[in-house]
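**Q** Pasting in a structure now, in structure tokens, and then I'll have a few things to ask.
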Amino acid sequence: MPDYEKIAEKFEEALKELREIAPTYQSVNDLESEDYEALFVQAFRRLLRNMNVLQSYTDFDWNDLDIDEQEFEDYKSKYLDLYQKVKQDQQKQKTSILEDIDFELELIHRDQINVAYILKLLSQMKNATLSDAKAQKKAIMDLLGGDIQLRSKRELIQKFIDENMPFIKDGDNIEDEFEKFWQEQKVLALGKLCEEEHLDKAQFKSLIDAYVYSGREPIKDEVFQCLDNRPSILQARVIGDRIIAKMKEFVEVFVKGMVA
């Protein structure tokens with residue numbers, strides 16, 4: 001049996017296992033406990049591994065499989081939802097058995113997709129007919145949901161599409177208008193973060209800039225210097241971890257992937 005057929009067979013076995021846990025992508029929402037969610041993550045991760053190998057073959061064809069591309073992307077979106085849930089639980093200091101699972105996000109990474117690419121698609125959408133624009137918008141949202149880095153920006157990009165694009169007459173102006181929108185949202189998000197955590201905005205922005213430039217995560221003492229009042233010894237670890245997690249999320253949304 002050719003290698004491609006062997007991998008396709010393994011893929012179908014993994015797909016069968018996945019559907020025993022979650023018959024449809026919608027049923028992932030109804031999994032009864034984190035134990036079942038963990039089983040889903042492990043099953044879909046296996047499916048992803050086999051898919052990546054299959055797609056490396058020139059013989060690859062979705063028609064050979066018992067799942068189409070859209071359904072696969074829908075399952076992937078649920079997989080990433082669970083990853084986001086783990087991140088949010090960590091920020092709230094909630095424990096989760098999913099924390100011990102490696103989601104292997106490198107299996108999903110797409111080098112060719114970044115914000116510059118999305119802006120090109122938005123320009124094309126602006127100049128399209130109404131029916132084509134609707135289909136293009138869905139395709140863009142699917143891309144945003146399927147890429148882990150752009151997923152963090154999805155809500156804001158959708159806000160730009162819904163609230164700003166109707167007032168942009170020329171598709172060539174989208175990049176400039178998006179840059180203005182993004183900077184406004186960045187300022188608002190930084191202000192909200194600093195207000196919630198009682199941080200000096202100028203000092204904390206300098207800390208973020210240093211992190212972006214060096215890639216070195218700040219130590220808690222550096223974070224505490226940005227606070228109005230230094231936390232007690234009992235609270236220091238929790239507060240420091242929470243602020244650093246929020247800082248990293250801010251950078252992921254507003255900085256990473258923002259250049260071509």
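As shown in the structure tokens, the chain order sets the letters A, B, ...; within each chain, residues go from 1, and ligands are also counted from 1 in the order they appear.
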List the spatial neighbours of range 128-138 of chain A as a ChimeraX atom specification - criterion: any atom at most 12 Å away, only C-alpha atoms, same-chain residues fewer than 2 positions off excluded.

**A** /A:70,118-126,140-145,157-158,160-162,165-166,170-171

**Q** What's the separation between CA of Ile7 in chain A and CA of Val53 in chain A, in Å to one decimal place?

**A**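 Here the two named atoms are 7.4 Å from each other.
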
**Q** Got a sec: who's within 9 Å of Leu15 in chain A, counting only C-alpha atoms, leaving out chain neighbours fewer than 6 positions off, as a ChimeraX atom specification?

**A** /A:43-44,46-47,66-67

**Q** Grab the residues selected above and save them as a CSV table (one decimal), in the first residue's frame with C-alpha atoms.

**A**
```csv
chain,number,residue,atom,x,y,z
A,43,ALA,CA,-8.1,13.1,19.4
A,44,PHE,CA,-8.0,16.3,17.3
A,46,ARG,CA,-3.8,13.2,16.4
A,47,LEU,CA,-6.0,14.2,13.5
A,66,ASP,CA,-14.7,11.4,5.1
A,67,ILE,CA,-14.5,15.0,6.2
```

**Q** What does the structure give for the distance between CA of Lys10 in chain A and CA of Arg45 in chain A, in Å to one decimal?

**A**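 So the answer is 13.0 Å.
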
**Q** As a ChimeraX atom specification, please: every residue in range 18-245 of chain A that DSSP puts in alpha helix (DSSP H).

**A** /A:18-21,34-54,69-91,115-126,130-146,148-151,154-163,174-197,201-214,220-224,233-245

**Q** Keeping C-alpha atoms, export the residues of the selection given above as a compact mmCIF listing (two decimals), in the first residue's frame.

**A**
```
# COMPACT_ATOMS: atom_id res chain seq x y z
CA LEU A 18 -12.70 12.01 17.20
CA ARG A 19 -16.33 11.51 16.19
CA GLU A 20 -16.85 8.97 18.95
CA ILE A 21 -16.04 11.80 21.37
CA GLU A 34 -12.89 18.65 31.30
CA ASP A 35 -12.02 14.95 31.09
CA TYR A 36 -14.05 14.71 27.89
CA GLU A 37 -12.60 18.00 26.64
CA ALA A 38 -9.12 16.55 27.21
CA LEU A 39 -10.07 13.47 25.20
CA PHE A 40 -11.29 15.72 22.38
CA VAL A 41 -8.05 17.75 22.40
CA GLN A 42 -5.93 14.60 22.24
CA ALA A 43 -8.07 13.11 19.45
CA PHE A 44 -8.05 16.25 17.32
CA ARG A 45 -4.31 16.71 17.88
CA ARG A 46 -3.78 13.23 16.44
CA LEU A 47 -6.01 14.17 13.49
CA LEU A 48 -3.98 17.36 12.94
CA ARG A 49 -0.70 15.46 12.88
CA ASN A 50 -2.00 13.11 10.20
CA MET A 51 -3.52 15.97 8.21
CA ASN A 52 -0.20 17.82 8.11
CA VAL A 53 1.51 14.71 6.72
CA LEU A 54 -1.27 14.12 4.18
CA GLU A 69 -12.32 21.20 4.60
CA GLN A 70 -14.98 23.38 6.22
CA GLU A 71 -15.89 20.76 8.83
CA PHE A 72 -12.21 20.21 9.59
CA GLU A 73 -11.76 23.97 10.11
CA ASP A 74 -14.85 24.03 12.35
CA TYR A 75 -13.37 21.30 14.56
CA LYS A 76 -10.09 23.20 14.60
CA SER A 77 -11.89 26.31 15.78
CA LYS A 78 -13.31 24.36 18.74
CA TYR A 79 -9.82 23.04 19.50
CA LEU A 80 -8.52 26.61 19.63
CA ASP A 81 -11.50 27.67 21.77
CA LEU A 82 -10.36 25.18 24.39
CA TYR A 83 -6.80 26.52 24.17
CA GLN A 84 -8.14 30.03 24.78
CA LYS A 85 -10.17 28.72 27.72
CA VAL A 86 -7.00 27.36 29.33
CA LYS A 87 -5.26 30.72 28.91
CA GLN A 88 -8.18 32.57 30.46
CA ASP A 89 -8.36 30.13 33.38
CA GLN A 90 -4.66 30.65 34.02
CA GLN A 91 -5.22 34.41 34.23
CA VAL A 115 -2.44 41.16 9.25
CA ALA A 116 -0.98 42.59 6.03
CA TYR A 117 -2.47 39.65 4.12
CA ILE A 118 -5.86 40.15 5.80
CA LEU A 119 -5.82 43.85 4.84
CA LYS A 120 -5.26 42.89 1.20
CA LEU A 121 -8.31 40.63 1.41
CA LEU A 122 -10.33 43.45 2.97
CA SER A 123 -9.37 45.77 0.11
CA GLN A 124 -10.59 43.17 -2.37
CA MET A 125 -13.79 42.75 -0.36
CA LYS A 126 -14.47 46.50 -0.44
CA LEU A 130 -22.51 42.55 -2.36
CA SER A 131 -22.83 38.76 -2.73
CA ASP A 132 -19.09 38.29 -3.28
CA ALA A 133 -18.27 40.57 -0.34
CA LYS A 134 -20.43 38.44 1.97
CA ALA A 135 -18.61 35.26 0.90
CA GLN A 136 -15.23 36.98 1.22
CA LYS A 137 -16.05 38.20 4.73
CA LYS A 138 -16.86 34.63 5.81
CA ALA A 139 -13.59 33.41 4.30
CA ILE A 140 -11.66 36.11 6.17
CA MET A 141 -13.34 35.24 9.49
CA ASP A 142 -12.54 31.56 8.92
CA LEU A 143 -8.89 32.48 8.36
CA LEU A 144 -8.85 34.53 11.55
CA GLY A 145 -10.38 31.66 13.49
CA GLY A 146 -7.93 29.12 12.13
CA ILE A 148 -3.63 31.01 16.48
CA GLN A 149 -1.86 34.39 16.31
CA LEU A 150 -4.60 36.13 14.33
CA ARG A 151 -7.30 34.49 16.43
CA ARG A 154 -10.34 38.40 15.47
CA GLU A 155 -12.82 40.35 17.61
CA LEU A 156 -11.15 43.69 16.85
CA ILE A 157 -10.79 42.99 13.13
CA GLN A 158 -14.46 42.05 12.97
CA LYS A 159 -15.29 45.31 14.77
CA PHE A 160 -13.30 47.21 12.12
CA ILE A 161 -15.14 45.39 9.33
CA ASP A 162 -18.58 46.02 10.84
CA GLU A 163 -18.15 49.56 12.15
CA ILE A 174 -8.25 50.57 4.14
CA GLU A 175 -4.67 50.10 5.33
CA ASP A 176 -4.41 53.71 6.62
CA GLU A 177 -7.84 53.57 8.24
CA PHE A 178 -7.05 50.25 9.87
CA GLU A 179 -3.79 51.65 11.28
CA LYS A 180 -5.70 54.55 12.87
CA PHE A 181 -8.35 52.19 14.24
CA TRP A 182 -5.72 49.81 15.63
CA GLN A 183 -3.81 52.56 17.42
CA GLU A 184 -7.03 53.87 18.96
CA GLN A 185 -7.97 50.40 20.21
CA LYS A 186 -4.44 49.85 21.50
CA VAL A 187 -4.59 53.06 23.57
CA LEU A 188 -8.03 52.12 24.93
CA ALA A 189 -6.91 48.60 25.85
CA LEU A 190 -3.77 49.86 27.59
CA GLY A 191 -5.81 52.41 29.53
CA LYS A 192 -8.32 49.78 30.61
CA LEU A 193 -5.56 47.37 31.70
CA CYS A 194 -3.80 50.06 33.73
CA GLU A 195 -7.04 51.20 35.33
CA GLU A 196 -8.03 47.64 36.30
CA GLU A 197 -4.62 46.88 37.83
CA LYS A 201 0.38 54.05 32.34
CA ALA A 202 3.69 55.64 31.26
CA GLN A 203 5.79 53.27 33.36
CA PHE A 204 3.86 50.20 32.28
CA LYS A 205 4.05 51.18 28.60
CA SER A 206 7.84 51.45 28.98
CA LEU A 207 7.85 47.97 30.48
CA ILE A 208 5.84 46.63 27.53
CA ASP A 209 8.15 48.34 25.03
CA ALA A 210 11.17 46.76 26.73
CA TYR A 211 9.52 43.34 26.60
CA VAL A 212 8.69 43.71 22.90
CA TYR A 213 12.23 44.88 22.09
CA SER A 214 14.16 42.30 24.14
CA LYS A 220 7.74 40.89 39.28
CA ASP A 221 9.73 43.67 40.98
CA GLU A 222 9.73 45.59 37.68
CA VAL A 223 5.97 45.18 37.50
CA PHE A 224 5.48 46.29 41.09
CA ILE A 233 3.90 39.44 50.35
CA LEU A 234 0.82 37.18 50.38
CA GLN A 235 -0.67 38.86 47.28
CA ALA A 236 2.54 39.61 45.37
CA ARG A 237 2.81 36.35 43.41
CA VAL A 238 -0.82 36.24 42.30
CA ILE A 239 -0.91 39.92 41.31
CA GLY A 240 2.46 39.78 39.55
CA ASP A 241 1.54 36.67 37.54
CA ARG A 242 -1.83 38.17 36.58
CA ILE A 243 -0.36 41.45 35.34
CA ILE A 244 2.40 39.72 33.37
CA ALA A 245 -0.19 37.43 31.75
```

**Q** So how far away is CA of Ser96 in chain A from CA of Tyr25 in chain A, in Å?

**A**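 Taking CA of Tyr25 in chain A as the start and CA of Ser96 in chain A as the end point, the length is 21.8 Å.
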
**Q** Using only C-alpha atoms, which residue out of A:Ile168, A:Ala8, A:Val251, A:Cys226 lies closest to Ser56 in chain A?

**A**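 For Ser56 in chain A, the nearest of the candidates is A:Ala8.
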